[in-house]
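Peer 1: This is model_15.cif, which holds mmCIF, C-alpha atoms:
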data_data
loop_
_atom_site.group_PDB
_atom_site.id
_atom_site.type_symbol
_atom_site.label_atom_id
_atom_site.label_comp_id
_atom_site.auth_asym_id
_atom_site.auth_seq_id
_atom_site.Cartn_x
_atom_site.Cartn_y
_atom_site.Cartn_z
ATOM 1 C CA MET A 1325 89.103 -16.614 77.903
ATOM 2 C CA ILE A 1326 86.527 -14.054 78.996
ATOM 3 C CA GLU A 1327 82.858 -14.930 78.514
ATOM 4 C CA VAL A 1328 79.990 -12.505 79.118
ATOM 5 C CA LYS A 1329 76.444 -13.819 78.843
ATOM 6 C CA SER A 1330 73.296 -11.671 78.972
ATOM 7 C CA LEU A 1331 74.938 -8.945 81.064
ATOM 8 C CA VAL A 1332 72.495 -6.335 82.335
ATOM 9 C CA LYS A 1333 73.505 -3.395 84.504
ATOM 10 C CA SER A 1334 70.968 -0.783 85.567
ATOM 11 C CA TYR A 1335 71.138 2.343 87.673
ATOM 12 C CA GLY A 1336 67.584 2.790 88.849
ATOM 13 C CA LYS A 1337 65.449 2.974 85.711
ATOM 14 C CA PHE A 1338 68.433 3.685 83.476
ATOM 15 C CA VAL A 1339 69.789 0.590 81.714
ATOM 16 C CA ALA A 1340 73.510 1.189 81.154
ATOM 17 C CA VAL A 1341 74.176 -2.262 79.637
ATOM 18 C CA ASN A 1342 71.396 -4.333 78.112
ATOM 19 C CA ARG A 1343 71.734 -8.111 77.587
ATOM 20 C CA LEU A 1344 75.313 -7.962 76.386
ATOM 21 C CA ASP A 1345 77.058 -11.072 75.059
ATOM 22 C CA LEU A 1346 80.799 -11.043 74.426
ATOM 23 C CA THR A 1347 83.667 -13.513 74.196
ATOM 24 C CA ALA A 1348 87.358 -12.646 74.277
ATOM 25 C CA TYR A 1349 89.281 -15.748 73.195
ATOM 26 C CA ASP A 1350 92.738 -16.843 74.256
ATOM 27 C CA GLY A 1351 95.496 -15.616 71.967
ATOM 28 C CA GLN A 1352 93.407 -12.723 70.657
ATOM 29 C CA ILE A 1353 93.078 -8.994 71.238
ATOM 30 C CA THR A 1354 89.387 -8.182 71.531
ATOM 31 C CA VAL A 1355 88.292 -4.560 71.426
ATOM 32 C CA LEU A 1356 85.136 -3.044 72.870
ATOM 33 C CA LEU A 1357 84.487 0.087 70.822
ATOM 34 C CA GLY A 1358 81.937 2.785 71.395
ATOM 35 C CA PRO A 1359 81.410 6.510 71.843
ATOM 36 C CA ASN A 1360 81.517 8.069 75.299
ATOM 37 C CA GLY A 1361 78.537 6.895 77.334
ATOM 38 C CA ALA A 1362 78.042 3.706 75.336
ATOM 39 C CA GLY A 1363 78.484 1.477 78.404
ATOM 40 C CA LYS A 1364 82.052 0.294 77.799
ATOM 41 C CA SER A 1365 83.453 1.144 81.224
ATOM 42 C CA THR A 1366 80.385 -0.285 82.941
ATOM 43 C CA THR A 1367 80.949 -3.528 81.050
ATOM 44 C CA ILE A 1368 84.646 -3.680 81.951
ATOM 45 C CA LYS A 1369 83.946 -2.890 85.626
ATOM 46 C CA SER A 1370 81.288 -5.606 85.711
ATOM 47 C CA ILE A 1371 83.756 -8.150 84.288
ATOM 48 C CA ALA A 1372 86.325 -7.049 86.874
ATOM 49 C CA GLY A 1373 83.791 -7.725 89.626
ATOM 50 C CA LEU A 1374 83.458 -4.118 90.748
ATOM 51 C CA LEU A 1375 79.729 -3.773 90.026
ATOM 52 C CA LYS A 1376 76.619 -5.784 90.781
ATOM 53 C CA PHE A 1377 74.862 -7.045 87.656
ATOM 54 C CA THR A 1378 72.589 -9.721 86.311
ATOM 55 C CA GLY A 1379 73.834 -12.313 83.843
ATOM 56 C CA LYS A 1380 76.887 -14.556 83.848
ATOM 57 C CA ILE A 1381 80.576 -13.690 83.485
ATOM 58 C CA TYR A 1382 83.412 -16.211 83.399
ATOM 59 C CA VAL A 1383 87.156 -15.581 83.318
ATOM 60 C CA ASN A 1384 89.345 -18.534 82.369
ATOM 61 C CA GLY A 1385 86.465 -20.862 83.161
ATOM 62 C CA PHE A 1386 85.749 -19.454 86.621
ATOM 63 C CA GLU A 1387 82.921 -17.206 87.787
ATOM 64 C CA ASN A 1388 84.370 -13.696 87.642
ATOM 65 C CA ARG A 1389 84.022 -12.952 91.358
ATOM 66 C CA SER A 1390 85.771 -16.152 92.412
ATOM 67 C CA ILE A 1391 89.277 -16.235 93.875
ATOM 68 C CA GLU A 1392 90.387 -18.475 91.001
ATOM 69 C CA ALA A 1393 89.291 -15.902 88.421
ATOM 70 C CA LYS A 1394 90.794 -12.964 90.297
ATOM 71 C CA ARG A 1395 94.143 -14.722 90.526
ATOM 72 C CA SER A 1396 94.277 -15.129 86.756
ATOM 73 C CA PHE A 1397 93.332 -11.723 85.349
ATOM 74 C CA GLY A 1398 94.809 -8.242 85.478
ATOM 75 C CA TYR A 1399 92.701 -5.079 85.374
ATOM 76 C CA VAL A 1400 93.726 -1.559 84.380
ATOM 77 C CA ALA A 1401 91.116 1.111 85.053
ATOM 78 C CA GLU A 1402 90.639 4.234 82.955
ATOM 79 C CA MET A 1403 91.433 6.418 85.984
ATOM 80 C CA PRO A 1404 94.383 5.077 88.007
ATOM 81 C CA ALA A 1405 93.485 4.450 91.647
ATOM 82 C CA HIS A 1406 96.566 4.125 93.818
ATOM 83 C CA TYR A 1407 97.437 4.536 97.478
ATOM 84 C CA ASP A 1408 98.580 8.153 97.647
ATOM 85 C CA LEU A 1409 101.363 7.653 100.175
ATOM 86 C CA LEU A 1410 102.799 4.392 98.831
ATOM 87 C CA THR A 1411 105.759 4.463 96.487
ATOM 88 C CA ILE A 1412 105.931 2.608 93.182
ATOM 89 C CA ASP A 1413 108.042 -0.073 94.852
ATOM 90 C CA GLU A 1414 105.553 -0.402 97.717
ATOM 91 C CA HIS A 1415 102.661 -0.848 95.290
ATOM 92 C CA LEU A 1416 104.535 -3.681 93.594
ATOM 93 C CA ASN A 1417 105.400 -5.192 96.993
ATOM 94 C CA PHE A 1418 101.704 -5.155 97.833
ATOM 95 C CA ILE A 1419 100.808 -6.986 94.616
ATOM 96 C CA GLU A 1420 103.530 -9.571 95.209
ATOM 97 C CA LYS A 1421 102.209 -10.342 98.699
ATOM 98 C CA ALA A 1422 98.524 -10.242 97.747
ATOM 99 C CA TYR A 1423 99.042 -12.703 94.890
ATOM 100 C CA GLN A 1424 101.754 -14.687 96.715
ATOM 101 C CA LEU A 1425 104.133 -14.284 93.791
ATOM 102 C CA LYS A 1426 107.439 -16.151 93.957
ATOM 103 C CA ASP A 1427 110.771 -15.621 92.170
ATOM 104 C CA ILE A 1428 109.406 -12.520 90.491
ATOM 105 C CA ASN A 1429 112.208 -10.001 91.116
ATOM 106 C CA GLU A 1430 113.895 -10.267 87.716
ATOM 107 C CA TYR A 1431 110.576 -9.877 85.874
ATOM 108 C CA ARG A 1432 109.595 -6.989 88.150
ATOM 109 C CA GLU A 1433 112.837 -5.151 87.413
ATOM 110 C CA SER A 1434 112.394 -5.715 83.685
ATOM 111 C CA LEU A 1435 108.938 -4.113 83.835
ATOM 112 C CA LEU A 1436 110.229 -1.095 85.746
ATOM 113 C CA LYS A 1437 112.993 -0.625 83.192
ATOM 114 C CA ARG A 1438 110.697 -1.209 80.243
ATOM 115 C CA PHE A 1439 108.271 1.493 81.335
ATOM 116 C CA GLU A 1440 111.057 3.847 82.453
ATOM 117 C CA LEU A 1441 110.012 3.857 86.103
ATOM 118 C CA SER A 1442 113.170 2.466 87.716
ATOM 119 C CA GLN A 1443 114.454 5.910 88.647
ATOM 120 C CA TYR A 1444 111.070 6.834 90.181
ATOM 121 C CA ARG A 1445 110.589 3.689 92.247
ATOM 122 C CA HIS A 1446 110.750 5.610 95.551
ATOM 123 C CA LYS A 1447 108.302 8.301 94.454
ATOM 124 C CA ILE A 1448 104.882 8.254 96.158
ATOM 125 C CA ALA A 1449 101.773 7.857 94.044
ATOM 126 C CA LYS A 1450 100.256 11.269 94.687
ATOM 127 C CA ASP A 1451 103.355 12.875 93.140
ATOM 128 C CA LEU A 1452 103.207 10.863 89.921
ATOM 129 C CA SER A 1453 102.127 12.434 86.642
ATOM 130 C CA LYS A 1454 99.006 11.044 84.972
ATOM 131 C CA GLY A 1455 101.121 9.086 82.506
ATOM 132 C CA MET A 1456 103.332 7.629 85.223
ATOM 133 C CA ALA A 1457 100.283 6.683 87.284
ATOM 134 C CA GLN A 1458 98.827 4.908 84.259
ATOM 135 C CA LYS A 1459 102.092 3.023 83.746
ATOM 136 C CA LEU A 1460 102.065 1.969 87.403
ATOM 137 C CA SER A 1461 98.559 0.556 86.902
ATOM 138 C CA LEU A 1462 99.845 -1.437 83.945
ATOM 139 C CA LEU A 1463 102.817 -2.706 85.939
ATOM 140 C CA CYS A 1464 100.578 -3.909 88.770
ATOM 141 C CA ALA A 1465 98.375 -5.771 86.287
ATOM 142 C CA LEU A 1466 101.287 -7.268 84.345
ATOM 143 C CA LEU A 1467 103.265 -8.316 87.415
ATOM 144 C CA ILE A 1468 100.944 -11.279 88.027
ATOM 145 C CA GLN A 1469 101.562 -12.474 84.433
ATOM 146 C CA PRO A 1470 97.816 -12.673 83.773
ATOM 147 C CA GLN A 1471 96.052 -15.218 81.605
ATOM 148 C CA ALA A 1472 93.455 -12.545 80.855
ATOM 149 C CA LEU A 1473 93.841 -8.772 80.805
ATOM 150 C CA LEU A 1474 91.092 -6.135 81.050
ATOM 151 C CA VAL A 1475 92.090 -2.610 80.091
ATOM 152 C CA ASP A 1476 89.801 0.434 80.023
ATOM 153 C CA GLU A 1477 91.099 3.174 77.684
ATOM 154 C CA PRO A 1478 94.667 1.807 77.904
ATOM 155 C CA LEU A 1479 96.586 4.520 76.070
ATOM 156 C CA VAL A 1480 95.057 7.708 77.462
ATOM 157 C CA GLY A 1481 97.652 9.962 79.084
ATOM 158 C CA LEU A 1482 100.680 8.083 77.744
ATOM 159 C CA ASP A 1483 103.439 9.621 75.640
ATOM 160 C CA PRO A 1484 104.085 8.199 72.127
ATOM 161 C CA HIS A 1485 107.037 6.066 73.272
ATOM 162 C CA SER A 1486 104.993 4.520 76.094
ATOM 163 C CA ILE A 1487 102.071 3.890 73.723
ATOM 164 C CA GLU A 1488 104.340 1.884 71.432
ATOM 165 C CA GLU A 1489 105.700 -0.066 74.407
ATOM 166 C CA VAL A 1490 102.211 -0.899 75.679
ATOM 167 C CA ILE A 1491 101.176 -2.085 72.218
ATOM 168 C CA ARG A 1492 104.239 -4.345 72.133
ATOM 169 C CA VAL A 1493 103.261 -5.768 75.524
ATOM 170 C CA PHE A 1494 99.752 -6.533 74.270
ATOM 171 C CA LYS A 1495 101.191 -8.335 71.244
ATOM 172 C CA GLU A 1496 103.505 -10.365 73.480
ATOM 173 C CA LEU A 1497 100.665 -11.391 75.781
ATOM 174 C CA LYS A 1498 98.647 -12.404 72.744
ATOM 175 C CA SER A 1499 101.523 -14.547 71.444
ATOM 176 C CA GLN A 1500 101.699 -16.217 74.874
ATOM 177 C CA GLY A 1501 98.036 -17.219 74.617
ATOM 178 C CA ALA A 1502 96.459 -14.638 76.921
ATOM 179 C CA SER A 1503 93.026 -13.172 76.236
ATOM 180 C CA ILE A 1504 93.072 -9.372 76.092
ATOM 181 C CA LEU A 1505 89.974 -7.185 76.235
ATOM 182 C CA LEU A 1506 90.485 -3.475 75.548
ATOM 183 C CA SER A 1507 87.839 -0.796 75.846
ATOM 184 C CA THR A 1508 88.378 2.376 73.843
ATOM 185 C CA HIS A 1509 86.788 5.026 71.652
ATOM 186 C CA ILE A 1510 90.062 5.842 69.847
ATOM 187 C CA ILE A 1511 90.214 3.430 66.924
ATOM 188 C CA ASP A 1512 93.459 4.680 65.389
ATOM 189 C CA MET A 1513 95.503 3.650 68.417
ATOM 190 C CA ILE A 1514 94.434 -0.013 68.275
ATOM 191 C CA ASP A 1515 93.892 -0.382 64.544
ATOM 192 C CA SER A 1516 97.077 -2.400 63.997
ATOM 193 C CA ILE A 1517 96.549 -4.938 66.780
ATOM 194 C CA TRP A 1518 92.879 -5.929 67.118
ATOM 195 C CA ASP A 1519 91.529 -9.355 66.149
ATOM 196 C CA VAL A 1520 87.840 -9.002 67.031
ATOM 197 C CA ALA A 1521 85.891 -5.807 67.684
ATOM 198 C CA TYR A 1522 82.521 -5.389 69.375
ATOM 199 C CA ILE A 1523 80.861 -2.079 68.517
ATOM 200 C CA MET A 1524 78.754 -0.830 71.424
ATOM 201 C CA HIS A 1525 76.186 1.946 71.396
ATOM 202 C CA GLU A 1526 73.559 2.981 73.942
ATOM 203 C CA GLY A 1527 74.266 0.009 76.179
ATOM 204 C CA GLU A 1528 74.071 -2.694 73.517
ATOM 205 C CA ILE A 1529 76.408 -4.545 71.177
ATOM 206 C CA LYS A 1530 75.371 -3.433 67.713
ATOM 207 C CA LYS A 1531 77.922 -5.371 65.662
ATOM 208 C CA ARG A 1532 80.745 -7.877 65.990
ATOM 209 C CA VAL A 1533 83.602 -7.492 63.482
ATOM 210 C CA ASP A 1534 86.309 -10.099 62.855
ATOM 211 C CA ARG A 1535 89.469 -8.741 61.239
ATOM 212 C CA LYS A 1536 89.824 -11.758 58.951
ATOM 213 C CA ASP A 1537 86.366 -11.081 57.523
ATOM 214 C CA LEU A 1538 87.139 -7.490 56.493
ATOM 215 C CA SER A 1539 87.418 -6.876 52.767
ATOM 216 C CA ASP A 1540 90.279 -4.817 51.370
ATOM 217 C CA ASN A 1541 88.119 -1.752 50.868
ATOM 218 C CA ARG A 1542 86.548 -1.728 54.346
ATOM 219 C CA THR A 1543 88.053 -0.415 57.585
ATOM 220 C CA LEU A 1544 86.987 -0.821 61.185
ATOM 221 C CA LYS A 1545 86.608 2.940 61.487
ATOM 222 C CA GLU A 1546 84.187 3.058 58.552
ATOM 223 C CA ILE A 1547 82.091 0.263 60.031
ATOM 224 C CA PHE A 1548 82.136 1.938 63.448
ATOM 225 C CA PHE A 1549 80.771 5.210 62.093
ATOM 226 C CA GLU A 1550 78.203 3.451 59.935
ATOM 227 C CA VAL A 1551 76.884 1.576 62.956
ATOM 228 C CA THR A 1552 76.955 4.384 65.537
ATOM 229 C CA GLU A 1553 75.780 7.182 63.256
ATOM 230 C CA HIS A 1554 72.986 5.036 61.855
ATOM 231 C CA GLU A 1555 71.892 4.261 65.400
#
Rewrite the structure of this file - the entire thing - as structure tokens.
Peer 2:
Amino acid sequence: MIEVKSLVKSYGKFVAVNRLDLTAYDGQITVLLGPNGAGKSTTIKSIAGLLKFTGKIYVNGFENRSIEAKRSFGYVAEMPAHYDLLTIDEHLNFIEKAYQLKDINEYRESLLKRFELSQYRHKIAKDLSKGMAQKLSLLCALLIQPQALLVDEPLVGLDPHSIEEVIRVFKELKSQGASILLSTHIIDMIDSIWDVAYIMHEGEIKKRVDRKDLSDNRTLKEIFFEVTEHE
């Protein structure tokens, strides 16, 4: 589970995120929706421990900057950040050693095959296409078999086949009891998988939507536009 309590992140006088509260429960896909500049990436980076902030953030019961929390969650950034001269295999080797993973080879090979990267395993990161780099980021996050997964704009740059595969992975993680928090501004791509959506605008959560509470004649997209355009 991911818990965010009264998160505030400022850059000088500019408040990028203002007293944000959010909970992503185990066994659910939680979506952070908002237009560009709403504060979504700042929120995700704060949860991942990459930014200083005020407030409290817990991942699987541990303070988000703790070793215990970091061991249990995977993070996929919007812009892949890899070591230019390391191959795909070497990136995965690094993750295995950093997280002290054991008996992981069969799972590792299944991920490479699933995301069609087996034949590129000796290719260095700087020579990867944007889509392949994004898939490598996903592989590194999934290799640790996370209890919680943070993903910022997860489907940008992927081809249709890879998008469907990533969506299947999210559903599998959900069925295994993981908590998944996705940040996006493209509602259509996640419309079939979300459980709870937080609509963010100008640094604040404006509305929380639970799928089971939607009536037959209401869609998440309609609610999103009502909230953001009204604001």
Peer 1: Neighbouring residues of Asp1515 of chain A were defined as those with any atom within 12 Å, considering only C-alpha atoms; residues of the same chain fewer than 2 positions away were excluded. Please report them as a list in words.
Peer 2: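 Residues meeting the cut-off are Ile1353, Thr1354, Val1355, Leu1357, Ile1491, Leu1506, Thr1508, His1509, Ile1510, Ile1511, Asp1512, Met1513, Ile1517, Trp1518, Asp1519, Val1520, Ala1521, Arg1535, Thr1543, Leu1544, Lys1545 and Glu1546 of chain A.
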Peer 1: Go through A:Tyr1423, A:Leu1344, A:Val1383, A:Met1524 one by one, measure the shortest atom-to-atom distance of each to Val1551 of chain A using only C-alpha atoms, and give the residue with the smallest value.
Peer 2: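 Of A:Tyr1423, A:Leu1344, A:Val1383, A:Met1524, the one nearest Val1551 of chain A, counting only C-alpha atoms, is A:Met1524.
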Peer 1: Counting only C-alpha atoms, which residue out of A:Leu1505, A:Met1325, A:Leu1346, A:Ile1468 sits closest to Glu1420 of chain A?
Peer 2: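 Closest residue, counting only C-alpha atoms: A:Ile1468.
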Peer 1: Can you measure atom CA of Ile1523 of chain A to atom CA of Tyr1382 of chain A for me? One decimal in Å is fine.
Peer 2: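 Taking atom CA of Ile1523 of chain A and atom CA of Tyr1382 of chain A, their separation equals 20.7 Å.
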Peer 1: Residues picked by the PyMOL selection byres ((chain A and resi 1352) around 6) here, as a count of residues only?
Peer 2: 7
Peer 1: Rounded to one decimal, what separation in Å do you get between atom CA of Ser1396 of chain A and atom CA of Gln1469 of chain A?
Peer 2: 8.1 Å
Peer 1: At a cut-off of 8 Å, using all atoms listed in the file, what residues contact segment 1435-1443 of chain A? Leave out same-chain residues fewer than 4 positions from it and give the result as a list in words.
Peer 2: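 Here the answer would be Tyr1431, Met1456, Lys1459, Leu1463, Leu1467, Ser1486 and Glu1489 of chain A.
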Peer 1: Would you please work out which residue, of A:His1525, A:Ile1487, A:Asn1429, A:Tyr1399, is nearest to Leu1466 of chain A when using only C-alpha atoms?
Peer 2: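 Answer, going by the shortest atom-to-atom distance: A:Tyr1399.
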Peer 1: Restricting the calculation to all atoms listed in the file, which member of A:Leu1538, A:Leu1452, A:Val1493, A:Ala1362 is positioned closest to Val1339 of chain A?
Peer 2: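 Closest residue, counting all atoms listed in the file: A:Ala1362.
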Peer 1: Which residues match the PyMOL selection byres ((chain A and resi 1422) around 12) in the file above, as a compact mmCIF listing (two decimals) with C-alpha atoms, keeping the file's coordinate frame?
Peer 2:
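Generated output (result_10.txt):
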# COMPACT_ATOMS: atom_id res chain seq x y z
CA ILE A 1391 89.28 -16.24 93.88
CA LYS A 1394 90.79 -12.96 90.30
CA ARG A 1395 94.14 -14.72 90.53
CA HIS A 1415 102.66 -0.85 95.29
CA LEU A 1416 104.54 -3.68 93.59
CA ASN A 1417 105.40 -5.19 96.99
CA PHE A 1418 101.70 -5.16 97.83
CA ILE A 1419 100.81 -6.99 94.62
CA GLU A 1420 103.53 -9.57 95.21
CA LYS A 1421 102.21 -10.34 98.70
CA TYR A 1423 99.04 -12.70 94.89
CA GLN A 1424 101.75 -14.69 96.72
CA LEU A 1425 104.13 -14.28 93.79
CA LYS A 1426 107.44 -16.15 93.96
CA CYS A 1464 100.58 -3.91 88.77
CA LEU A 1467 103.26 -8.32 87.42
CA ILE A 1468 100.94 -11.28 88.03
Peer 1: I want to know what sits within 8 Å of Gly1363 of chain A, based on only C-alpha atoms, with residues of the same chain fewer than 5 positions away left out; could you give that as a list in words?
Peer 2: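 Counting only the stated atoms, we get Ala1340, Val1341, Gly1358, Met1524, His1525, Glu1526, Gly1527 and Glu1528 of chain A.
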Peer 1: Have a look at A:Phe1494, A:Asp1408, A:Gly1481, A:Lys1530 and name the one nearest to Asn1342 of chain A; count all atoms listed in the file.
Peer 2: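 The closest residue to Asn1342 of chain A is A:Lys1530.
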Peer 1: Atom CA of Glu1414 of chain A and atom CA of Ala1465 of chain A are how many Å apart?
Peer 2: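 Between these atoms lies a distance of 14.5 Å.
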Peer 1: Given the choices A:Ile1381, A:Val1480, A:Ile1547, A:Ala1472, which gets closest to Glu1402 of chain A if the distance is worked out from all atoms listed in the file?
Peer 2: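 The answer is A:Val1480, which sits nearest to Glu1402 of chain A.
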Peer 1: Can you tell me which residues surround Ile1412 of chain A at a distance of at most 8 Å, considering only C-alpha atoms, apart from same-chain residues fewer than 2 positions away, and format the answer as a PyMOL selection string?
Peer 2: chain A and resi 1410+1414-1416+1444-1449+1460
Peer 1: For the contact check between segment 1424-1493 of chain A and segment 1369-1376 of chain A, emit one row per residue of segment 1424-1493 of chain A within 12 Å, containing the shortest atom pair and the distance in Å rounded to one decimal, counting all atoms listed in the file, chain then rising number order, as a Markdown table.
Peer 2:
| residue | atom | partner | partner_atom | distance |
| --- | --- | --- | --- | --- |
| A:Ala1472 | CA | A:Ala1372 | CA | 10.8 |
| A:Leu1473 | CA | A:Ala1372 | CA | 9.8 |
| A:Leu1474 | CA | A:Ala1372 | CA | 7.6 |
| A:Val1475 | CA | A:Lys1369 | CA | 9.9 |
| A:Asp1476 | CA | A:Lys1369 | CA | 8.8 |
Peer 1: With 10 Å as the threshold, what does the neighbourhood of (77.5, -12.1, 74.0) contain in terms of residues, counting only C-alpha atoms? Coordinates are those of the file; answer as a ChimeraX atom specification.
Peer 2: /A:1327-1331,1343-1348,1522,1529,1532
Peer 1: Quick test: take segment 1467-1479 of chain A, keep N, CA and C atoms, and write it as a tab-separated table (two decimals), in the first residue's frame.
Peer 2:
chain	number	residue	atom	x	y	z
A	1467	LEU	N	11.66	-6.73	-12.23
A	1467	LEU	CA	12.58	-7.80	-11.86
A	1467	LEU	C	12.59	-8.07	-10.36
A	1468	ILE	N	12.36	-7.03	-9.56
A	1468	ILE	CA	12.39	-7.22	-8.10
A	1468	ILE	C	11.07	-7.78	-7.57
A	1469	GLN	N	10.10	-8.00	-8.48
A	1469	GLN	CA	8.77	-8.50	-8.11
A	1469	GLN	C	8.18	-7.64	-6.99
A	1470	PRO	N	7.92	-6.36	-7.32
A	1470	PRO	CA	7.57	-5.37	-6.30
A	1470	PRO	C	6.20	-5.60	-5.68
A	1471	GLN	N	6.10	-5.21	-4.40
A	1471	GLN	CA	4.81	-5.19	-3.73
A	1471	GLN	C	4.03	-3.93	-4.07
A	1472	ALA	N	4.75	-2.90	-4.49
A	1472	ALA	CA	4.13	-1.65	-4.94
A	1472	ALA	C	4.88	-1.18	-6.18
A	1473	LEU	N	4.13	-0.59	-7.12
A	1473	LEU	CA	4.73	-0.13	-8.37
A	1473	LEU	C	4.28	1.29	-8.65
A	1474	LEU	N	5.26	2.18	-8.89
A	1474	LEU	CA	5.00	3.56	-9.27
A	1474	LEU	C	5.38	3.73	-10.73
A	1475	VAL	N	4.46	4.23	-11.54
A	1475	VAL	CA	4.75	4.39	-12.96
A	1475	VAL	C	4.25	5.75	-13.44
A	1476	ASP	N	5.17	6.53	-14.01
A	1476	ASP	CA	4.84	7.87	-14.50
A	1476	ASP	C	4.69	7.81	-16.02
A	1477	GLU	N	3.48	8.05	-16.51
A	1477	GLU	CA	3.17	7.98	-17.94
A	1477	GLU	C	3.68	6.66	-18.53
A	1478	PRO	N	3.10	5.54	-18.12
A	1478	PRO	CA	3.66	4.22	-18.42
A	1478	PRO	C	3.65	3.78	-19.87
A	1479	LEU	N	2.76	4.34	-20.68
A	1479	LEU	CA	2.57	3.80	-22.02
A	1479	LEU	C	3.09	4.70	-23.13
